[in-house]
Amino acid sequence: MPKQRPLSVLISLALTGMVAAPLAAQTGPERGDEELPRLLVTADPLGNRSPDELIQPVSVLAGEELERRRAATLGEVLDGLPGVSNADFGPGVGRPVVRGLQGSRVQVLQDGLSTADVSGEGADHAIALDPARAEQVEVFRGPSTLLYGSGAAGGVVNVVTSRFSPHSGEGVRVDGGLSYGFNGSDRQGSVAIEAPLSDAFVFRADYSGRRTNDFDIKGFQQSGQEVGQRGTLQISDIDNDAFAVSGVFRGDWGHFGLGVSTWETDYGIPENFDPRPRDLGGQSDDFERVTAEYNRMDLRGEFNNPMPGFSLARFKLSYTEFEQDETEFKFNRTPEGGQFDREVVEATFENDELDTRLELVHNPIGNWRGVLGLQYRDRDFVADDPRGANRGFYVRPNVTRTLSLFSIQELPTDFGRIEIGARIERERSNPEDVFGSRVEGVTLANGEFLPLPEQLDTRSFTPFSLSAGAIFDIGTDYHLRTTITRSERAPSGEQLYAFGRHAAAGTFEVGDPDLGKEGYTNLEIGLDRHVGNFRFDATVFYNRVSDFIFLASEDDGTGNPVFVNDIGNRSGEGAAAGCEPGDGGLCRLRNQFVVNQQSNAEFYGAEFAAVLDLNGGMALRLNGDHVRGKLRGGGGNLPRITPTRLGVGMDSRFGDFDLSVDYQRVFKQDNTAIAESETDGFNLVGFDLFWRPALMQGGALFFQGRNLLNEDGRRHQSFFKDDAPIIGRAFTTGVRYQFGG
């Protein structure tokens with residue numbers, strides 16, 4: 001196996017499982033034919049289809065599967081799903097990566113509308129939601145621009161809560177959970193109340209919180225480190241709180257809901273912090289923390305038969321005020337472990353965002369049924385250094401407004417269904433002028449000096465997307481799916497307007513205000529078996545991208561990336577000239593220099609998941625994925641592409657006890673970009689034990705283990721894999737409870 005390529009290993013095992021499993025299943029019980037609850041994909045505009053009925057690959061987590069996967073960050077929850085991985089930067093940041101794409105290309109929604117945070121603007125920024133209150137998580141793999149626009153070029157993740165559901169029990173219900181993780185003293189808790197005050201009105205409120213210490217790891221924190229502290233992920237503690245209140249009016253006419261919510265976080269950016277003198281093994285003498293909060297208001301409504309020709313109207317609106325500070329804590333070096341000097345807020349982010357969406361489901365026209373939609377988004381974004389305008393900034397403040405029209409239509413056929421769709425957007429981005437910055441400009445790889453532009457023109461884009469697909473019924477057990485999508489994406493604000501140091505991320509990023517639209521031509525074919533003792537879903541895809549935008553590093557001549565000081569000077573240049581080792585201030589070259597570039601690219605790969613029901617209430621699971629991302633025309637590999645992964649698991653049920661055991665192999669990633677290092681493979685072993693006694697009314701006691709082999713794993717898709725490994729061996733115990741309802 002070590003001599004084979006990961007893709008060939010993955011395909012061989014997948015084909016072996018698909019051929020052998022039906023034979024083994026002949027002796028198993030009829031467990032696969034049991035009636036299962038029908039899950040509806042709420043982010044689907046038609047609104048009444050299950051994942052099995054959709055043409056685009058969709059993963060839905062709900063019920064016991066979501067409980068087993070539930071974690072503190074969205075990236076952790078989804079990690080290991082076919083085609084989905086986690087780009088963490090310590091335990092406080094977990095962002096989903098879909099088929100090698102992340103950041104502003106993967107749109108994260110809460111109840112169908114944007115989270116309106118700044119997680120797409122930096123690798124160190126957390127997603128502004130707490131998965132603790134999720135009732136369902138939906139993942140659309142592949143371009144979803146037809147549904148949600150440019151920000152969904154890589155995929156969509158929709159976190160569904162019950163806050164605006166018209167359905168409730170007959171009485172008051174209280175549910176939630178408490179847990180304690182022994183690694184990092186990870187304390188988490190949540191509580192929610194649902195009170196149907198009348199047949200026409202239901203009230204809900206929920207709270208969740210998390211507190212941790214620094215987490216334990218295997219070995220040293222930094223790649224290549226040989227001296228200093230080990231065994232602890234320095235500056236990895238977390239403090240989160242989330243609260244929401246909502247009310248829903250309901251009747252034969254439909255339902256309408258109003259809600260307000262808040263979310264706060266305070267987390268450390270993992271840093272090899274050890275402010276002892278260098279000769280005593282000292283490392284960094286400062287570290288960064290991020291504090292963020294938002295206040296949000298939501299309106300939701302569904303109205304039956306709103307006008308002639310339409311059976312349903314959905315209206316969604318959210319307004320969010322988001323703020324984030326990045327603070328540097330500086331220490332003086334002492335043999336005893338450092339003496340606190342001062343704290344400085346180095347960057348402030350503000351994002352005020354209005355997102356509104358109207359969907360109209362029309363009555364059948366002939367045999368066609370479908371939806372017409374209108375979406376408007378108004379985003380006012382500011383990134384500033386509160387010490388004064390002359391200190392520099394990360395992203396130029398800008399206001400972006402987007403108006404979109406879309407339609408998706410479905411036609412039942414004798415062989416299955418056909419689906420077509422189209423979306424057109426008009427996006428206008430207006431950047432502010434910036435005068436008096438102490439960043440004069442930067443020297444590019446070719447020796448050209450690029451001055452910081454004080455004034456930039458307004459940019460306008462008109463992305464247009466088309467999609468056509470079909471699902472073929474092969475007997476009663478199988479589906480064959482095929483889809484071709486041509487979509488366009490407008491560049492994001494940071495890709496256009498970045499020009500400066502991003503303190504907490506440790507980068508000096510340069511955007512390009514002349515960037516054009518990206519164009520995606522995506523073809524995928526999938527086959528699934530959805531009934532019986534053996535079930536599987538396998539997909540292959542090819543995504544050809546024109547004018548793909550990516551953050552490119554520069555090789556310093558030794559295979560390592562170029563670093564610059566806080567105002568963009570290289571070694572021996574400007575304020576960095578004449579510096580001696582150990583000098584502070586602008587002599588510190590602590591920012592990796594990265595530039596937004598545009599080139600043609602391609603992504604292709606495969607993903608699969610299979611389940612085989614065995615005798616004795618047991619089930620065997622197999623899953624894996626592979627993605628390859630590279631520049632076309634021999635331009636080399638793209639950076640931070642998820643390595644090939646292969647997993648196997650076993651589920652068993654004995655009376656009131658459920659036990660799951662999982663193993664995942666993350667293969668070595670040696671398809672690296674310029675100035676990007678290879679990442680070794682590692683093994684992940686975990687288990688989940690749940691006790692669900694009848695007296696707990698749907699609640700459970702649980703004990704879970706993660707990274708049982710205590711691996712020193714590094715996630716290649718994370719921008720700072722060399723600074724923050726995965727946490728070490730971790731055990732968590734807790735209770736999920738429910739009363740009333």
# chains A, B, ... in the order shown; residues from 1 in each chain; ligands from 1
$ select_by_dssp --residues "stretch 89-208 of chain A" --states "strand (DSSP E or B)" --output "ChimeraX atom specification"
/A:96-98,101,106-110,113-114,136-141,155-160,173-181,186-198,201-208
$ select_by_dssp --residues "stretch 140-237 of chain A" --states "helix (DSSP H, G or I)" --output "number ranges by chain"
A: 145-148, 150-152
$ closest_residue --among "A:Gln455, A:Asn533, A:Asn683, A:Thr507" --to "A:Leu589" --atoms "only C-alpha atoms"
A:Thr507
$ residues_around --residues "A:Thr212" --least-positions-apart "6" --cutoff "9 Å" --atoms "only C-alpha atoms" --output "list in words"
Gly181, Asn183, Gly184, Ser185, Asp186, Arg187, Gln188, Ser236, Asp237, Ile238 and Asp239 of chain A
$ closest_residue --among "A:Gly634, A:Gly47, A:Pro491, A:Gly617" --to "A:Gly103" --atoms "only C-alpha atoms"
A:Pro491
$ residues_around --residues "A:Thr732" --least-positions-apart "4" --cutoff "8 Å" --atoms "only C-alpha atoms" --output "number ranges by chain"
A: 179-182, 703-705
$ atom_distance --atom1 "atom CA of A:Gly282" --atom2 "atom CA of A:Phe329"
16.2 Å
$ closest_atom_pairs --of "stretch 507-533 of chain A" --to "stretch 147-164 of chain A" --cutoff "10 Å" --atoms "only C-alpha atoms" --output "tab-separated table"
residue	atom	partner	partner_atom	distance
A:Lys517	CA	A:Ser150	CA	9.7
A:Glu518	CA	A:Ala153	CA	9.2
A:Gly519	CA	A:Ala153	CA	9.3
A:Tyr520	CA	A:Ala153	CA	7.9
$ residues_around --residues "A:Gln597" --least-positions-apart "5" --cutoff "10 Å" --atoms "only C-alpha atoms" --output "PyMOL selection string"
chain A and resi 495+510-512+515+547-553
$ atom_distance --atom1 "atom CA of A:Glu554" --atom2 "atom CA of A:Ile674"
6.8 Å
$ residues_around --residues "A:Met307" --least-positions-apart "4" --cutoff "12 Å" --atoms "only C-alpha atoms" --output "list in words"
Phe303, Ser311, Leu312, Ala313, Leu360, Val361, His362 and Asn363 of chain A
$ write_last_selection --atoms "N, CA and C atoms" --output "compact mmCIF listing (two decimals), in the first residue's frame"
# COMPACT_ATOMS: atom_id res chain seq x y z
N PHE A 303 -46.09 31.44 3.37
CA PHE A 303 -47.49 31.80 3.17
C PHE A 303 -48.06 30.91 2.07
N SER A 311 -48.23 28.40 -5.21
CA SER A 311 -48.71 27.61 -4.08
C SER A 311 -48.07 28.00 -2.76
N LEU A 312 -46.89 28.63 -2.82
CA LEU A 312 -46.18 28.94 -1.58
C LEU A 312 -45.24 30.11 -1.79
N ALA A 313 -45.15 30.98 -0.79
CA ALA A 313 -44.18 32.07 -0.79
C ALA A 313 -43.35 31.97 0.49
N LEU A 360 -40.77 32.02 -4.55
CA LEU A 360 -42.16 31.77 -4.94
C LEU A 360 -42.22 30.42 -5.66
N VAL A 361 -42.93 29.46 -5.06
CA VAL A 361 -43.11 28.15 -5.68
C VAL A 361 -44.37 28.21 -6.53
N HIS A 362 -44.22 28.04 -7.84
CA HIS A 362 -45.38 28.19 -8.72
C HIS A 362 -46.10 26.86 -8.92
N ASN A 363 -47.36 26.97 -9.30
CA ASN A 363 -48.13 25.78 -9.63
C ASN A 363 -47.55 25.14 -10.89
$ closest_residue --among "A:Arg278, A:Arg296, A:Arg99, A:His167" --to "A:Phe249" --atoms "only C-alpha atoms"
A:His167
$ residues_around --residues "A:Val564" --least-positions-apart "2" --cutoff "10 Å" --atoms "only C-alpha atoms" --output "number ranges by chain"
A: 442, 501, 507-508, 562, 566-571, 573, 576, 586-593
$ closest_residue --among "A:Gly231, A:Gly516, A:Gly506, A:Gly559" --to "A:Gly122" --atoms "only C-alpha atoms"
A:Gly506
